[in-house]
file work20.tsv (TSV, C-alpha atoms)
chain	number	residue	atom	x	y	z
M	128	MET	CA	-17.55	-31.37	0.71
M	129	SER	CA	-14.02	-31.70	2.00
M	130	ALA	CA	-13.45	-31.00	5.68
M	131	GLN	CA	-10.71	-28.50	4.80
M	132	VAL	CA	-13.00	-26.46	2.54
M	133	LYS	CA	-15.69	-26.34	5.25
M	134	HIS	CA	-13.13	-25.47	7.92
M	135	ASN	CA	-11.66	-22.62	5.85
M	136	ALA	CA	-15.12	-21.20	5.12
M	137	HIS	CA	-16.10	-21.24	8.80
M	138	ALA	CA	-12.73	-19.95	10.04
M	139	THR	CA	-12.73	-17.12	7.50
M	140	VAL	CA	-16.21	-16.00	8.58
M	141	VAL	CA	-15.16	-16.04	12.24
M	142	ALA	CA	-12.01	-14.01	11.52
M	143	ALA	CA	-13.84	-11.55	9.26
M	144	ARG	CA	-16.73	-10.87	11.65
M	145	PRO	CA	-14.92	-8.25	13.84
M	146	VAL	CA	-13.93	-6.27	10.75
M	147	TRP	CA	-17.48	-6.16	9.41
M	148	GLU	CA	-18.83	-5.34	12.89
M	149	ALA	CA	-16.47	-2.34	13.04
M	150	VAL	CA	-18.05	-0.60	10.03
M	151	ALA	CA	-19.79	2.62	11.08
M	152	PRO	CA	-22.40	4.38	8.93
M	153	SER	CA	-19.83	7.12	8.30
M	154	ASP	CA	-17.51	4.50	6.73
M	155	LEU	CA	-19.89	3.60	3.89
M	156	PRO	CA	-18.60	6.25	1.41
M	157	ARG	CA	-14.90	5.57	2.19
M	158	ALA	CA	-12.60	4.50	-0.63
M	159	THR	CA	-11.25	0.94	-0.65
M	160	PRO	CA	-8.27	-0.73	-2.35
M	161	CYS	CA	-10.80	-1.76	-5.04
M	162	ALA	CA	-10.54	1.48	-7.03
M	163	LEU	CA	-14.13	1.46	-8.31
M	164	TRP	CA	-15.81	0.56	-5.00
M	165	ASP	CA	-16.45	2.40	-1.80
M	166	VAL	CA	-17.21	0.48	1.41
M	167	GLN	CA	-20.93	0.18	0.66
M	168	ASP	CA	-20.26	-1.11	-2.89
M	169	LEU	CA	-17.75	-3.60	-1.50
M	170	ALA	CA	-20.28	-4.81	1.08
M	171	GLU	CA	-22.93	-5.23	-1.59
M	172	HIS	CA	-20.51	-7.26	-3.72
M	173	VAL	CA	-19.45	-9.52	-0.84
M	174	PHE	CA	-22.99	-10.10	0.36
M	175	GLY	CA	-24.12	-10.73	-3.21
M	176	GLY	CA	-21.42	-13.40	-3.58
M	177	LEU	CA	-22.42	-15.06	-0.32
M	178	LEU	CA	-26.08	-15.05	-1.34
M	179	LEU	CA	-25.20	-16.38	-4.80
M	180	ALA	CA	-23.31	-19.22	-3.13
M	181	THR	CA	-26.28	-19.93	-0.87
M	182	GLU	CA	-28.64	-20.03	-3.84
M	183	THR	CA	-26.27	-22.17	-5.92
M	184	LEU	CA	-25.62	-24.69	-3.15
M	185	SER	CA	-29.05	-24.95	-1.55
M	186	GLY	CA	-31.74	-22.96	-3.32
M	187	ALA	CA	-33.47	-19.62	-3.07
M	188	HIS	CA	-33.29	-17.08	-0.27
M	189	GLU	CA	-35.25	-13.93	0.51
M	190	LEU	CA	-32.40	-11.47	1.14
M	191	ASP	CA	-31.19	-8.56	-1.00
M	192	ALA	CA	-27.47	-7.73	-1.06
M	193	GLY	CA	-28.12	-4.01	-1.53
M	194	GLN	CA	-30.31	-3.82	1.56
M	195	LEU	CA	-27.80	-5.85	3.59
M	196	ALA	CA	-24.96	-3.51	2.54
M	197	ALA	CA	-26.69	-0.51	4.11
M	198	VAL	CA	-25.84	-1.92	7.57
M	199	PRO	CA	-22.74	-4.10	7.01
M	200	ALA	CA	-22.52	-5.64	10.49
M	201	THR	CA	-26.02	-7.13	10.41
M	202	GLY	CA	-25.78	-7.78	6.67
M	203	PHE	CA	-22.63	-9.82	7.26
M	204	GLU	CA	-24.35	-11.91	9.94
M	205	SER	CA	-27.38	-12.59	7.74
M	206	ALA	CA	-25.42	-13.45	4.60
M	207	THR	CA	-22.77	-15.59	6.33
M	208	LEU	CA	-25.36	-17.51	8.36
M	209	LEU	CA	-27.11	-18.62	5.17
M	210	PHE	CA	-23.80	-19.29	3.41
M	211	LEU	CA	-22.42	-21.50	6.20
M	212	GLN	CA	-25.71	-23.38	6.52
M	213	ALA	CA	-25.56	-24.11	2.78
M	214	VAL	CA	-21.90	-25.20	3.03
M	215	ASP	CA	-22.66	-27.50	5.95
M	216	ARG	CA	-25.47	-29.23	4.02
M	217	VAL	CA	-23.23	-30.15	1.07
M	218	GLN	CA	-22.21	-33.79	1.20
M	219	ASP	CA	-20.25	-34.41	-2.00
M	220	GLY	CA	-17.90	-31.56	-2.85
M	221	GLU	CA	-16.78	-33.17	-6.09
M	222	VAL	CA	-20.19	-32.87	-7.74
M	223	ARG	CA	-19.93	-30.43	-10.64
M	224	ILE	CA	-22.32	-27.49	-10.61
M	225	HIS	CA	-23.17	-24.70	-13.02
M	226	THR	CA	-22.54	-21.24	-11.63
M	227	ARG	CA	-22.56	-17.75	-13.09
M	228	LEU	CA	-18.77	-18.15	-13.15
M	229	GLY	CA	-18.84	-21.38	-15.15
M	230	GLU	CA	-18.91	-25.06	-14.31
M	231	MET	CA	-16.88	-26.24	-11.32
M	232	THR	CA	-17.03	-28.57	-8.35
M	233	ARG	CA	-18.87	-27.52	-5.22
M	234	ASP	CA	-15.54	-27.52	-3.36
M	235	ALA	CA	-13.98	-25.19	-5.95
M	236	PHE	CA	-16.99	-22.87	-5.79
M	237	VAL	CA	-16.84	-22.59	-1.99
M	238	ARG	CA	-13.05	-22.02	-2.17
M	239	LEU	CA	-13.71	-19.17	-4.63
M	240	ILE	CA	-16.34	-17.56	-2.39
M	241	THR	CA	-14.04	-17.96	0.63
M	242	ALA	CA	-11.19	-16.29	-1.31
M	243	ASP	CA	-13.51	-13.43	-2.24
M	244	LEU	CA	-14.47	-12.97	1.42
M	245	LEU	CA	-10.83	-13.09	2.55
M	246	VAL	CA	-9.56	-10.55	0.04
M	247	HIS	CA	-12.48	-8.17	0.38
M	248	THR	CA	-12.35	-8.28	4.17
M	249	TRP	CA	-8.69	-7.27	3.82
M	250	ASP	CA	-9.89	-4.41	1.57
M	251	LEU	CA	-12.46	-3.38	4.15
M	252	ALA	CA	-9.96	-3.52	7.01
M	253	LYS	CA	-7.59	-1.25	5.08
M	254	ALA	CA	-10.42	1.15	4.23
M	255	ILE	CA	-11.66	1.58	7.80
M	256	GLY	CA	-8.28	1.21	9.52
M	257	VAL	CA	-8.77	-1.97	11.54
M	258	HIS	CA	-6.63	-5.09	11.83
M	259	PHE	CA	-7.60	-8.28	9.98
M	260	GLN	CA	-5.83	-11.55	10.65
M	261	PRO	CA	-7.45	-14.45	8.83
M	262	PRO	CA	-6.54	-18.01	9.77
M	263	LEU	CA	-3.10	-18.73	8.33
M	264	ASP	CA	-4.19	-22.08	6.89
M	265	ALA	CA	-7.06	-20.40	5.04
M	266	ALA	CA	-4.78	-17.65	3.71
M	267	HIS	CA	-2.14	-20.17	2.57
M	268	THR	CA	-4.71	-22.52	1.00
M	269	THR	CA	-6.42	-19.64	-0.81
M	270	LEU	CA	-3.12	-18.28	-2.11
M	271	ASP	CA	-1.93	-21.72	-3.28
M	272	ASP	CA	-5.27	-22.44	-4.95
M	273	SER	CA	-5.28	-19.04	-6.68
M	274	ARG	CA	-1.70	-19.45	-7.90
M	275	SER	CA	-2.62	-22.81	-9.42
M	276	ARG	CA	-5.52	-21.25	-11.37
M	277	MET	CA	-3.94	-18.06	-12.75
M	278	GLY	CA	-0.60	-16.48	-13.39
M	279	PRO	CA	0.64	-13.22	-11.87
M	280	ASP	CA	0.44	-11.19	-15.09
M	281	GLU	CA	-2.45	-9.13	-16.44
M	282	ALA	CA	-2.80	-11.33	-19.55
M	283	SER	CA	-3.57	-14.47	-17.54
M	284	ARG	CA	-6.30	-12.54	-15.69
M	285	GLU	CA	-8.14	-11.22	-18.73
M	286	GLY	CA	-11.80	-10.76	-17.92
M	287	LEU	CA	-11.20	-10.98	-14.18
M	288	PRO	CA	-12.02	-8.00	-11.95
M	289	PHE	CA	-8.53	-7.41	-10.57
M	290	ALA	CA	-5.08	-6.43	-11.74
M	291	GLY	CA	-1.89	-8.42	-11.98
M	292	ALA	CA	-0.01	-9.45	-8.86
M	293	VAL	CA	1.88	-6.80	-6.93
M	294	ASP	CA	5.41	-7.45	-5.63
M	295	VAL	CA	5.73	-7.78	-1.86
M	296	LEU	CA	8.64	-7.79	0.54
M	297	ALA	CA	10.12	-11.14	1.57
M	298	ASP	CA	8.75	-10.74	5.10
M	299	ALA	CA	5.18	-9.89	4.02
M	300	THR	CA	2.40	-11.55	5.98
M	301	PRO	CA	0.40	-14.34	4.32
M	302	THR	CA	-2.58	-11.97	4.24
M	303	ASP	CA	-0.59	-9.24	2.47
M	304	ARG	CA	0.78	-11.85	0.03
M	305	LEU	CA	-2.76	-12.94	-0.76
M	306	ALA	CA	-3.96	-9.35	-1.23
M	307	ALA	CA	-0.95	-8.62	-3.46
M	308	TRP	CA	-1.68	-11.72	-5.55
M	309	PHE	CA	-5.10	-10.21	-6.23
M	310	GLY	CA	-3.54	-6.93	-7.37
M	311	ARG	CA	-3.70	-4.97	-4.12
M	312	ASP	CA	-0.93	-2.81	-2.74
M	313	PRO	CA	-0.28	-4.08	0.81
M	314	ASN	CA	0.68	-0.51	1.76
M	315	TRP	CA	-2.56	1.00	0.45
M	316	SER	CA	-4.12	3.84	2.39
M	317	GLU	CA	-7.02	6.10	1.57
M	318	SER	CA	-4.75	9.13	1.60
M	319	ALA	CA	-2.14	7.63	-0.76
call {"tool": "encode", "arguments": {"input": "work20.tsv", "output": "structure tokens"}}
result
Amino acid sequence: MSAQVKHNAHATVVAARPVWEAVAPSDLPRATPCALWDVQDLAEHVFGGLLLATETLSGAHELDAGQLAAVPATGFESATLLFLQAVDRVQDGEVRIHTRLGEMTRDAFVRLITADLLVHTWDLAKAIGVHFQPPLDAAHTTLDDSRSRMGPDEASREGLPFAGAVDVLADATPTDRLAAWFGRDPNWSESA
């Protein structure tokens, strides 16, 4: 696996940890920028993706995403520990693998899971009102990679679980640009 892909996965987990640790039990029913998901649903999705990646890259595990989502801080630690161990064991990132999302290289699969973690941690931060600043290189790499795989319009995203890109101001942060690319309003708030 490329050093950059491993670095971005590790750096994203480190940056996301304080956001996930800030989730209180009272936050679980809060709305998120993902219109159909509350915080607990979002956590279950993220942990499910991390566990899917673990299973795809290195074999079975004994964890359940739904149980992990009930206590997001410890669920995050458990799911990311397994994910990063699986990432670190991968030698050749160019080997093609079959995933539930189709055939792709191991590097591409880990980039996809890292993008999912980045965007959904942004969602979580917005939902619970905490700051999230992912590593700029990870945000830029994820945005560039995503732009190379899909266009900004709804038609090019058919079958994908997010809307077309949202316009952002010229001075938007890389994180807000990334969120907007995945159909999120950078100015989202639960009361809006």
call {"tool": "residues_around", "arguments": {"input": "work20.tsv", "residues": "range 308-316 of chain M", "least_positions_apart": "6", "cutoff": "9 Å", "atoms": "only C-alpha atoms", "output": "list in words"}}
result
Thr159, Pro160, Cys161, Val246, Asp250, Lys253, Ala254, Gly256, Leu270, Ser273, Arg274, Pro279, Phe289, Ala290, Gly291, Ala292, Val293, Asp294, Val295, Ala299 and Thr302 of chain M
call {"tool": "residues_around", "arguments": {"input": "work20.tsv", "residues": "Thr207 in chain M", "least_positions_apart": "3", "cutoff": "12 Å", "atoms": "only C-alpha atoms", "output": "PDB file with C-alpha atoms, in the frame of the given file"}}
result
ATOM      1  CA  ALA M 136     -15.120 -21.200   5.120  1.00  0.00           C
ATOM      2  CA  HIS M 137     -16.100 -21.240   8.800  1.00  0.00           C
ATOM      3  CA  ALA M 138     -12.730 -19.950  10.040  1.00  0.00           C
ATOM      4  CA  THR M 139     -12.730 -17.120   7.500  1.00  0.00           C
ATOM      5  CA  VAL M 140     -16.210 -16.000   8.580  1.00  0.00           C
ATOM      6  CA  VAL M 141     -15.160 -16.040  12.240  1.00  0.00           C
ATOM      7  CA  ALA M 143     -13.840 -11.550   9.260  1.00  0.00           C
ATOM      8  CA  ARG M 144     -16.730 -10.870  11.650  1.00  0.00           C
ATOM      9  CA  TRP M 147     -17.480  -6.160   9.410  1.00  0.00           C
ATOM     10  CA  VAL M 173     -19.450  -9.520  -0.840  1.00  0.00           C
ATOM     11  CA  PHE M 174     -22.990 -10.100   0.360  1.00  0.00           C
ATOM     12  CA  GLY M 175     -24.120 -10.730  -3.210  1.00  0.00           C
ATOM     13  CA  GLY M 176     -21.420 -13.400  -3.580  1.00  0.00           C
ATOM     14  CA  LEU M 177     -22.420 -15.060  -0.320  1.00  0.00           C
ATOM     15  CA  LEU M 178     -26.080 -15.050  -1.340  1.00  0.00           C
ATOM     16  CA  LEU M 179     -25.200 -16.380  -4.800  1.00  0.00           C
ATOM     17  CA  ALA M 180     -23.310 -19.220  -3.130  1.00  0.00           C
ATOM     18  CA  THR M 181     -26.280 -19.930  -0.870  1.00  0.00           C
ATOM     19  CA  LEU M 190     -32.400 -11.470   1.140  1.00  0.00           C
ATOM     20  CA  ALA M 192     -27.470  -7.730  -1.060  1.00  0.00           C
ATOM     21  CA  LEU M 195     -27.800  -5.850   3.590  1.00  0.00           C
ATOM     22  CA  PRO M 199     -22.740  -4.100   7.010  1.00  0.00           C
ATOM     23  CA  ALA M 200     -22.520  -5.640  10.490  1.00  0.00           C
ATOM     24  CA  THR M 201     -26.020  -7.130  10.410  1.00  0.00           C
ATOM     25  CA  GLY M 202     -25.780  -7.780   6.670  1.00  0.00           C
ATOM     26  CA  PHE M 203     -22.630  -9.820   7.260  1.00  0.00           C
ATOM     27  CA  GLU M 204     -24.350 -11.910   9.940  1.00  0.00           C
ATOM     28  CA  PHE M 210     -23.800 -19.290   3.410  1.00  0.00           C
ATOM     29  CA  LEU M 211     -22.420 -21.500   6.200  1.00  0.00           C
ATOM     30  CA  GLN M 212     -25.710 -23.380   6.520  1.00  0.00           C
ATOM     31  CA  ALA M 213     -25.560 -24.110   2.780  1.00  0.00           C
ATOM     32  CA  VAL M 214     -21.900 -25.200   3.030  1.00  0.00           C
ATOM     33  CA  ASP M 215     -22.660 -27.500   5.950  1.00  0.00           C
ATOM     34  CA  ILE M 240     -16.340 -17.560  -2.390  1.00  0.00           C
ATOM     35  CA  THR M 241     -14.040 -17.960   0.630  1.00  0.00           C
ATOM     36  CA  LEU M 244     -14.470 -12.970   1.420  1.00  0.00           C
TER      37      LEU M 244
END
call {"tool": "axis_aligned_box", "arguments": {"input": "work20.tsv", "around": "range 182-193 of chain M", "padding_each_side": "6 Å", "output": "JSON"}}
result
{"center_x": -30.4, "center_y": -14.5, "center_z": -2.4, "size_x": 21.6, "size_y": 32.9, "size_z": 19.1}
call {"tool": "residues_around", "arguments": {"input": "work20.tsv", "residues": "Thr232 in chain M", "least_positions_apart": "6", "cutoff": "6 Å", "atoms": "only C-alpha atoms", "output": "PyMOL selection string"}}
result
chain M and resi 221-224
call {"tool": "write_last_selection", "arguments": {"input": "work20.tsv", "atoms": "C-alpha atoms", "output": "mmCIF file, keeping the file's coordinate frame"}}
result
data_model
loop_
_atom_site.group_PDB
_atom_site.id
_atom_site.type_symbol
_atom_site.label_atom_id
_atom_site.label_comp_id
_atom_site.auth_asym_id
_atom_site.auth_seq_id
_atom_site.Cartn_x
_atom_site.Cartn_y
_atom_site.Cartn_z
ATOM 1 C CA GLU M 221 -16.780 -33.170 -6.090
ATOM 2 C CA VAL M 222 -20.190 -32.870 -7.740
ATOM 3 C CA ARG M 223 -19.930 -30.430 -10.640
ATOM 4 C CA ILE M 224 -22.320 -27.490 -10.610
#
call {"tool": "atom_distance", "arguments": {"input": "work20.tsv", "atom1": "CA of Ala196 in chain M", "atom2": "CA of Asp154 in chain M"}}
result
11.7 Å
call {"tool": "atom_distance", "arguments": {"input": "work20.tsv", "atom1": "CA of Arg233 in chain M", "atom2": "CA of Ser205 in chain M"}}
result
21.5 Å
call {"tool": "residues_around", "arguments": {"input": "work20.tsv", "residues": "Phe259 in chain M", "least_positions_apart": "3", "cutoff": "7 Å", "atoms": "all atoms listed in the file", "output": "list in words"}}
result
Val146, Trp249 and Ala252 of chain M
call {"tool": "atom_distance", "arguments": {"input": "work20.tsv", "atom1": "CA of Asp303 in chain M", "atom2": "CA of Leu239 in chain M"}}
result
17.9 Å
call {"tool": "closest_residue", "arguments": {"input": "work20.tsv", "among": "M:Thr248, M:Gln194, M:Ser318, M:Thr300", "to": "His267 in chain M", "atoms": "all atoms listed in the file"}}
result
M:Thr300
